[in-house]
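Data first, discussion second: the structure below is written as structure tokens.
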Amino acid sequence: MSVKVLLVDDEELIRAGLRAIIDAEPDLEVVGEADDGADVLPLVTRLAPDVVLMDVRMPAVDGIQATRHLIDRVAEPPKIIVVTTFENDDYVYDALRAGANGFLLKRARPAEIVRAVRVVVAGDSLLFPDKIRLLAGQRGLEPGRSGLREAGLTDREAEVLRLMATGLSNVEISDRLFVSVQTVKTHVGNVLSKLHARDRTQAVITAYESGFVTPS
């Protein structure tokens, strides 16, 4: 089955370029387009895409608001990749905090775009961990938070979280810790549950903001 992708960008040329790249892949297909975040929720409800590629800056409803709407109102929201011109944009970090799974630069090569879609669909590794670490470092720690003591992570869960923050996949973590992939999946699930995180990206952002993992 093909991975269904929804394109949301106010520039028609950008949408056309993304469509050409995605539709060229045998396992990916564009099922719809929108030129503003206001149209995202009804399109997601009707088309049920697996992934939304969403411009972070749009005239009426931006990518941050549209992301929040999807997370709040859709029982099983699609994966969301925000698309931006500048990687150090505060809008990008706010979109990630709102629930986006990762981000892409508009100048990304076709292979990077395709890989990004596949990474977020698989959900077993972090999309562009170095850039997320950079954004977290620019923001600094969230005031009043220190570590994740209140989360009650076990030593092994804490170790898995640190490895997640480096961008390692479940298979890579399995190899590093000499445990089965299923065991890693169990630990990852426990980490997400204890941090009340929707996915790996949210868990890693929480780890950075709490000071549990440092972005240096």
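Residue numbers start at 1 in each chain; chains themselves are named A, B, ... in the order of the structure tokens; ligands are numbered from 1 in the order shown.
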
Dump as a Markdown table the rows for residues of stretch 61-120 of chain A within 6 Å of stretch 35-44 of chain A: closest atom pair and distance in Å with one decimal, only C-alpha atoms counted, ordered by chain and rising residue number.
```
| residue | atom | partner | partner_atom | distance |
| --- | --- | --- | --- | --- |
| A:Val61 | CA | A:Gly37 | CA | 4.7 |
| A:Asp62 | CA | A:Gly37 | CA | 5.6 |
| A:Ala66 | CA | A:Gly37 | CA | 5.2 |
```

Would you save the residues from that selection as a PDB file, in the first residue's frame, using C-alpha atoms?
```pdb
ATOM      1  CA  VAL A  61      -3.639  29.743   9.530  1.00  0.00           C
ATOM      2  CA  ASP A  62       0.035  28.868   9.905  1.00  0.00           C
ATOM      3  CA  ALA A  66      -2.854  23.738  11.873  1.00  0.00           C
TER       4      ALA A  66
END
```

Could you pull out all residues of stretch 57-147 of chain A with a DSSP call of strand (DSSP E) and give them as a PyMOL selection string?
-> chain A and resi 79-84+102-105

Shell around A:Ile173 at 9 Å using only C-alpha atoms, local window under 3 positions removed, as a PyMOL selection string = chain A and resi 160+163-164+168-170+176-179+181+184

Find the residues near A:Pro78: any atom within 10 Å, counting only C-alpha atoms, skip ones fewer than 3 places away on the same chain, and give them as a list in words.
-> Lys4, Val5, Leu6, Val44, Ala48, Pro49, Asp50, Val51, Val52, Thr67, Leu70, Ile71, Val74, Ala75, Ile81, Ala100, Asn101, Val120 and Val121 of chain A

Grab the residues selected above and save them as a compact mmCIF listing (two decimals), in the first residue's frame with N, CA and C atoms.
```txt
# COMPACT_ATOMS: atom_id res chain seq x y z
N LYS A 4 0.12 7.76 1.83
CA LYS A 4 -0.65 8.89 1.31
C LYS A 4 -0.15 10.20 1.93
N VAL A 5 0.13 11.17 1.07
CA VAL A 5 0.72 12.43 1.51
C VAL A 5 -0.19 13.60 1.13
N LEU A 6 -0.39 14.52 2.07
CA LEU A 6 -1.12 15.76 1.83
C LEU A 6 -0.12 16.91 1.82
N VAL A 44 -7.84 16.37 5.92
CA VAL A 44 -7.37 15.18 6.64
C VAL A 44 -8.55 14.28 6.97
N ALA A 48 -7.76 11.16 4.81
CA ALA A 48 -7.01 10.28 5.72
C ALA A 48 -5.57 10.06 5.25
N PRO A 49 -4.79 11.11 5.07
CA PRO A 49 -3.39 10.94 4.67
C PRO A 49 -2.57 10.34 5.80
N ASP A 50 -1.48 9.70 5.43
CA ASP A 50 -0.55 9.18 6.43
C ASP A 50 0.42 10.25 6.90
N VAL A 51 0.75 11.19 5.99
CA VAL A 51 1.72 12.24 6.27
C VAL A 51 1.21 13.56 5.70
N VAL A 52 1.42 14.64 6.46
CA VAL A 52 1.13 15.99 5.96
C VAL A 52 2.46 16.74 5.88
N THR A 67 -1.18 22.38 12.99
CA THR A 67 -0.70 21.19 13.69
C THR A 67 -1.49 20.98 14.98
N LEU A 70 -4.94 19.56 14.31
CA LEU A 70 -4.93 18.14 13.98
C LEU A 70 -4.72 17.29 15.22
N ILE A 71 -3.76 17.66 16.06
CA ILE A 71 -3.47 16.87 17.25
C ILE A 71 -4.66 16.87 18.20
N VAL A 74 -8.21 15.25 15.85
CA VAL A 74 -8.22 14.00 15.09
C VAL A 74 -7.76 12.86 16.00
N ALA A 75 -8.58 11.82 16.09
CA ALA A 75 -8.27 10.71 17.01
C ALA A 75 -6.92 10.08 16.70
N ILE A 81 5.14 16.78 8.96
CA ILE A 81 6.47 17.33 8.72
C ILE A 81 6.29 18.78 8.30
N ALA A 100 4.31 18.37 15.72
CA ALA A 100 4.90 17.94 14.45
C ALA A 100 5.99 16.91 14.71
N ASN A 101 6.17 15.99 13.77
CA ASN A 101 7.12 14.89 13.94
C ASN A 101 8.52 15.22 13.47
N VAL A 120 9.32 9.29 9.21
CA VAL A 120 8.22 9.59 10.13
C VAL A 120 7.13 8.53 10.07
N VAL A 121 6.94 7.91 8.92
CA VAL A 121 5.95 6.84 8.82
C VAL A 121 6.40 5.63 9.63
```

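Here atom CA of A:Asp23 and atom CA of A:Leu104 stand 17.7 Å from one another.
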
List every residue of chain A that DSSP, applied to the backbone of this structure, assigns to helix (DSSP H, G or I), and report them as JSON, numbers by chain.
-> {"A": [12, 13, 14, 15, 16, 17, 18, 19, 20, 21, 22, 23, 37, 38, 39, 40, 41, 42, 43, 44, 45, 46, 47, 63, 64, 65, 66, 67, 68, 69, 70, 71, 72, 73, 90, 91, 92, 93, 94, 95, 96, 97, 98, 110, 111, 112, 113, 114, 115, 116, 117, 118, 119, 120, 121, 122, 129, 130, 131, 132, 133, 134, 135, 136, 137, 138, 139, 149, 150, 151, 155, 156, 157, 158, 159, 160, 161, 162, 163, 164, 165, 170, 171, 172, 173, 174, 175, 176, 177, 181, 182, 183, 184, 185, 186, 187, 188, 189, 190, 191, 192, 193, 194, 195, 200, 201, 202, 203, 204, 205, 206, 207, 208, 209, 210]}

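Going from atom CA of A:Leu18 to atom CA of A:Pro110 covers 8.3 Å.
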
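Near A:Ala16, within 12 Å and counting only C-alpha atoms, sit Leu7, Val8, Asp9, Asp10, Glu11, Glu12, Leu13, Arg19, Ala20, Ile21, Ile22, Asp23, Val30, Gly32, Glu33, Ala34 and Asp35 of chain A; same-chain residues fewer than 3 positions away were not included.
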
Pull all heavy atoms from the residues just selected and write them as a compact mmCIF listing (two decimals), in the first residue's frame.
```
# COMPACT_ATOMS: atom_id res chain seq x y z
N LEU A 7 -0.18 17.78 0.80
CA LEU A 7 0.72 18.92 0.68
C LEU A 7 -0.01 20.20 1.07
O LEU A 7 -1.10 20.47 0.57
CB LEU A 7 1.22 19.06 -0.76
CG LEU A 7 1.88 17.82 -1.39
CD1 LEU A 7 2.26 18.11 -2.83
CD2 LEU A 7 3.09 17.39 -0.57
N VAL A 8 0.61 20.98 1.97
CA VAL A 8 0.00 22.23 2.42
C VAL A 8 1.05 23.33 2.33
O VAL A 8 2.00 23.38 3.11
CB VAL A 8 -0.52 22.11 3.87
CG1 VAL A 8 -1.27 23.39 4.26
CG2 VAL A 8 -1.40 20.89 4.04
N ASP A 9 0.89 24.23 1.36
CA ASP A 9 1.83 25.33 1.16
C ASP A 9 1.14 26.39 0.33
O ASP A 9 0.41 26.07 -0.61
CB ASP A 9 3.10 24.83 0.45
CG ASP A 9 4.25 25.81 0.56
OD1 ASP A 9 4.14 26.94 0.03
OD2 ASP A 9 5.26 25.46 1.19
N ASP A 10 1.37 27.66 0.68
CA ASP A 10 0.69 28.72 -0.06
C ASP A 10 1.37 29.05 -1.38
O ASP A 10 0.86 29.85 -2.16
CB ASP A 10 0.57 29.99 0.79
CG ASP A 10 1.92 30.55 1.23
OD1 ASP A 10 2.88 29.76 1.32
OD2 ASP A 10 2.01 31.76 1.49
N GLU A 11 2.51 28.41 -1.66
CA GLU A 11 3.19 28.62 -2.94
C GLU A 11 2.93 27.42 -3.86
O GLU A 11 3.34 26.30 -3.57
CB GLU A 11 4.70 28.78 -2.73
CG GLU A 11 5.08 30.02 -1.94
CD GLU A 11 6.57 30.19 -1.85
OE1 GLU A 11 7.26 30.10 -2.90
OE2 GLU A 11 7.07 30.40 -0.74
N GLU A 12 2.25 27.69 -4.96
CA GLU A 12 1.89 26.62 -5.89
C GLU A 12 3.13 25.93 -6.46
O GLU A 12 3.14 24.71 -6.66
CB GLU A 12 1.04 27.19 -7.03
CG GLU A 12 0.51 26.12 -7.98
CD GLU A 12 -0.41 26.71 -9.04
OE1 GLU A 12 -0.67 27.92 -9.00
OE2 GLU A 12 -0.86 25.93 -9.91
N LEU A 13 4.18 26.68 -6.68
CA LEU A 13 5.41 26.13 -7.24
C LEU A 13 6.03 25.11 -6.27
O LEU A 13 6.53 24.06 -6.71
CB LEU A 13 6.40 27.24 -7.54
CG LEU A 13 7.68 26.82 -8.29
CD1 LEU A 13 7.33 26.21 -9.65
CD2 LEU A 13 8.60 28.01 -8.46
N ARG A 19 5.04 17.48 -5.21
CA ARG A 19 4.21 16.45 -5.84
C ARG A 19 5.04 15.63 -6.84
O ARG A 19 4.93 14.39 -6.86
CB ARG A 19 3.02 17.08 -6.55
CG ARG A 19 2.15 16.08 -7.31
CD ARG A 19 0.99 16.75 -8.00
NE ARG A 19 -0.09 17.05 -7.09
CZ ARG A 19 -1.05 16.18 -6.77
NH1 ARG A 19 -1.02 14.94 -7.26
NH2 ARG A 19 -2.02 16.53 -5.96
N ALA A 20 5.85 16.29 -7.62
CA ALA A 20 6.67 15.59 -8.62
C ALA A 20 7.63 14.61 -7.94
O ALA A 20 7.82 13.48 -8.40
CB ALA A 20 7.43 16.58 -9.48
N ILE A 21 8.22 15.05 -6.83
CA ILE A 21 9.18 14.21 -6.11
C ILE A 21 8.49 13.00 -5.49
O ILE A 21 8.95 11.86 -5.60
CB ILE A 21 9.91 15.04 -5.04
CG1 ILE A 21 10.83 16.07 -5.69
CG2 ILE A 21 10.69 14.13 -4.09
CD1 ILE A 21 11.33 17.13 -4.73
N ILE A 22 7.37 13.25 -4.82
CA ILE A 22 6.69 12.18 -4.09
C ILE A 22 6.02 11.19 -5.03
O ILE A 22 6.12 9.98 -4.85
CB ILE A 22 5.68 12.80 -3.10
CG1 ILE A 22 6.45 13.53 -1.98
CG2 ILE A 22 4.76 11.73 -2.51
CD1 ILE A 22 5.59 14.41 -1.13
N ASP A 23 5.35 11.70 -6.04
CA ASP A 23 4.64 10.80 -6.96
C ASP A 23 5.60 9.97 -7.82
O ASP A 23 5.18 9.00 -8.44
CB ASP A 23 3.70 11.61 -7.87
CG ASP A 23 2.40 11.98 -7.16
OD1 ASP A 23 2.11 11.40 -6.10
OD2 ASP A 23 1.67 12.86 -7.68
N VAL A 30 0.70 11.53 -3.59
CA VAL A 30 0.03 12.74 -3.11
C VAL A 30 -1.46 12.58 -3.31
O VAL A 30 -1.92 12.33 -4.43
CB VAL A 30 0.55 13.98 -3.86
CG1 VAL A 30 -0.26 15.22 -3.46
CG2 VAL A 30 2.03 14.21 -3.58
N GLY A 32 -3.73 14.96 -1.99
CA GLY A 32 -4.42 16.24 -1.95
C GLY A 32 -3.47 17.38 -1.69
O GLY A 32 -2.32 17.18 -1.32
N GLU A 33 -3.98 18.61 -1.92
CA GLU A 33 -3.19 19.82 -1.71
C GLU A 33 -4.07 20.89 -1.07
O GLU A 33 -5.29 20.90 -1.24
CB GLU A 33 -2.65 20.36 -3.04
CG GLU A 33 -1.70 19.45 -3.77
CD GLU A 33 -1.15 20.10 -5.03
OE1 GLU A 33 -1.22 21.35 -5.14
OE2 GLU A 33 -0.65 19.38 -5.91
N ALA A 34 -3.41 21.79 -0.34
CA ALA A 34 -4.09 22.95 0.23
C ALA A 34 -3.11 24.11 0.23
O ALA A 34 -1.90 23.91 0.29
CB ALA A 34 -4.57 22.66 1.65
N ASP A 35 -3.65 25.34 0.15
CA ASP A 35 -2.78 26.51 0.14
C ASP A 35 -2.82 27.28 1.45
O ASP A 35 -2.22 28.35 1.56
CB ASP A 35 -3.09 27.43 -1.04
CG ASP A 35 -4.51 27.96 -1.01
OD1 ASP A 35 -5.23 27.74 0.00
OD2 ASP A 35 -4.92 28.60 -1.99
```

If we count only C-alpha atoms and set the cut-off at 9 Å, which residues sit around A:Phe128, ignoring sequence neighbours fewer than 6 positions away in its own chain? Please answer as a PDB file with N, CA and C atoms, in the first residue's frame.
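Below is the file that was written, out.pdb:
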```
ATOM      1  N   GLY A 102       8.663  16.293  12.700  1.00  0.00           N
ATOM      2  CA  GLY A 102       9.971  16.672  12.190  1.00  0.00           C
ATOM      3  C   GLY A 102       9.815  17.829  11.230  1.00  0.00           C
ATOM      4  N   PHE A 103      10.931  18.230  10.626  1.00  0.00           N
ATOM      5  CA  PHE A 103      10.836  19.344   9.685  1.00  0.00           C
ATOM      6  C   PHE A 103      11.815  19.160   8.531  1.00  0.00           C
ATOM      7  N   LEU A 104      11.502  19.854   7.443  1.00  0.00           N
ATOM      8  CA  LEU A 104      12.311  19.837   6.224  1.00  0.00           C
ATOM      9  C   LEU A 104      12.599  21.260   5.782  1.00  0.00           C
ATOM     10  N   ALA A 116      12.603  11.618   4.555  1.00  0.00           N
ATOM     11  CA  ALA A 116      11.884  12.199   5.684  1.00  0.00           C
ATOM     12  C   ALA A 116      10.488  11.602   5.817  1.00  0.00           C
ATOM     13  N   GLY A 167      19.225  10.115  17.737  1.00  0.00           N
ATOM     14  CA  GLY A 167      18.655   9.746  16.451  1.00  0.00           C
ATOM     15  C   GLY A 167      18.736   8.272  16.125  1.00  0.00           C
TER      16      GLY A 167
END
```

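Counting only C-alpha atoms, the residue from A:Ala136, A:Met58, A:Ser125, A:Asp72 that sits nearest to A:Asp90 is A:Ala136.
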
Skipping near chain neighbours, those fewer than 3 positions away, what residues fall within 10 Å of A:Thr85 using only C-alpha atoms, listed as number ranges by chain?
-> A: 55-57, 88-89, 92, 104-108

Serialized selection, N, CA and C atoms, as a PDB file, in the first residue's frame:
```pdb
ATOM      1  N   ASP A  55       3.737  23.728   5.217  1.00  0.00           N
ATOM      2  CA  ASP A  55       4.495  24.975   5.324  1.00  0.00           C
ATOM      3  C   ASP A  55       4.291  25.553   6.721  1.00  0.00           C
ATOM      4  N   VAL A  56       5.356  26.032   7.334  1.00  0.00           N
ATOM      5  CA  VAL A  56       5.233  26.550   8.693  1.00  0.00           C
ATOM      6  C   VAL A  56       4.672  27.971   8.709  1.00  0.00           C
ATOM      7  N   ARG A  57       4.861  28.721   7.620  1.00  0.00           N
ATOM      8  CA  ARG A  57       4.350  30.093   7.550  1.00  0.00           C
ATOM      9  C   ARG A  57       3.340  30.216   6.408  1.00  0.00           C
ATOM     10  N   ASN A  88      16.599  27.578  11.621  1.00  0.00           N
ATOM     11  CA  ASN A  88      16.664  28.096  12.984  1.00  0.00           C
ATOM     12  C   ASN A  88      15.458  28.961  13.327  1.00  0.00           C
ATOM     13  N   ASP A  89      14.409  28.817  12.575  1.00  0.00           N
ATOM     14  CA  ASP A  89      13.191  29.588  12.750  1.00  0.00           C
ATOM     15  C   ASP A  89      12.476  29.164  14.040  1.00  0.00           C
ATOM     16  N   VAL A  92       9.549  26.849  13.654  1.00  0.00           N
ATOM     17  CA  VAL A  92       9.800  25.415  13.510  1.00  0.00           C
ATOM     18  C   VAL A  92       9.756  24.731  14.865  1.00  0.00           C
ATOM     19  N   LEU A 104      11.502  19.854   7.443  1.00  0.00           N
ATOM     20  CA  LEU A 104      12.311  19.837   6.224  1.00  0.00           C
ATOM     21  C   LEU A 104      12.599  21.260   5.782  1.00  0.00           C
ATOM     22  N   LEU A 105      13.758  21.455   5.196  1.00  0.00           N
ATOM     23  CA  LEU A 105      14.042  22.728   4.562  1.00  0.00           C
ATOM     24  C   LEU A 105      13.505  22.719   3.129  1.00  0.00           C
ATOM     25  N   LYS A 106      13.035  23.846   2.663  1.00  0.00           N
ATOM     26  CA  LYS A 106      12.486  23.913   1.312  1.00  0.00           C
ATOM     27  C   LYS A 106      13.549  23.654   0.251  1.00  0.00           C
ATOM     28  N   ARG A 107      14.816  23.835   0.627  1.00  0.00           N
ATOM     29  CA  ARG A 107      15.885  23.565  -0.329  1.00  0.00           C
ATOM     30  C   ARG A 107      16.402  22.126  -0.225  1.00  0.00           C
ATOM     31  N   ALA A 108      15.726  21.278   0.529  1.00  0.00           N
ATOM     32  CA  ALA A 108      16.163  19.884   0.689  1.00  0.00           C
ATOM     33  C   ALA A 108      16.182  19.172  -0.659  1.00  0.00           C
TER      34      ALA A 108
END
```
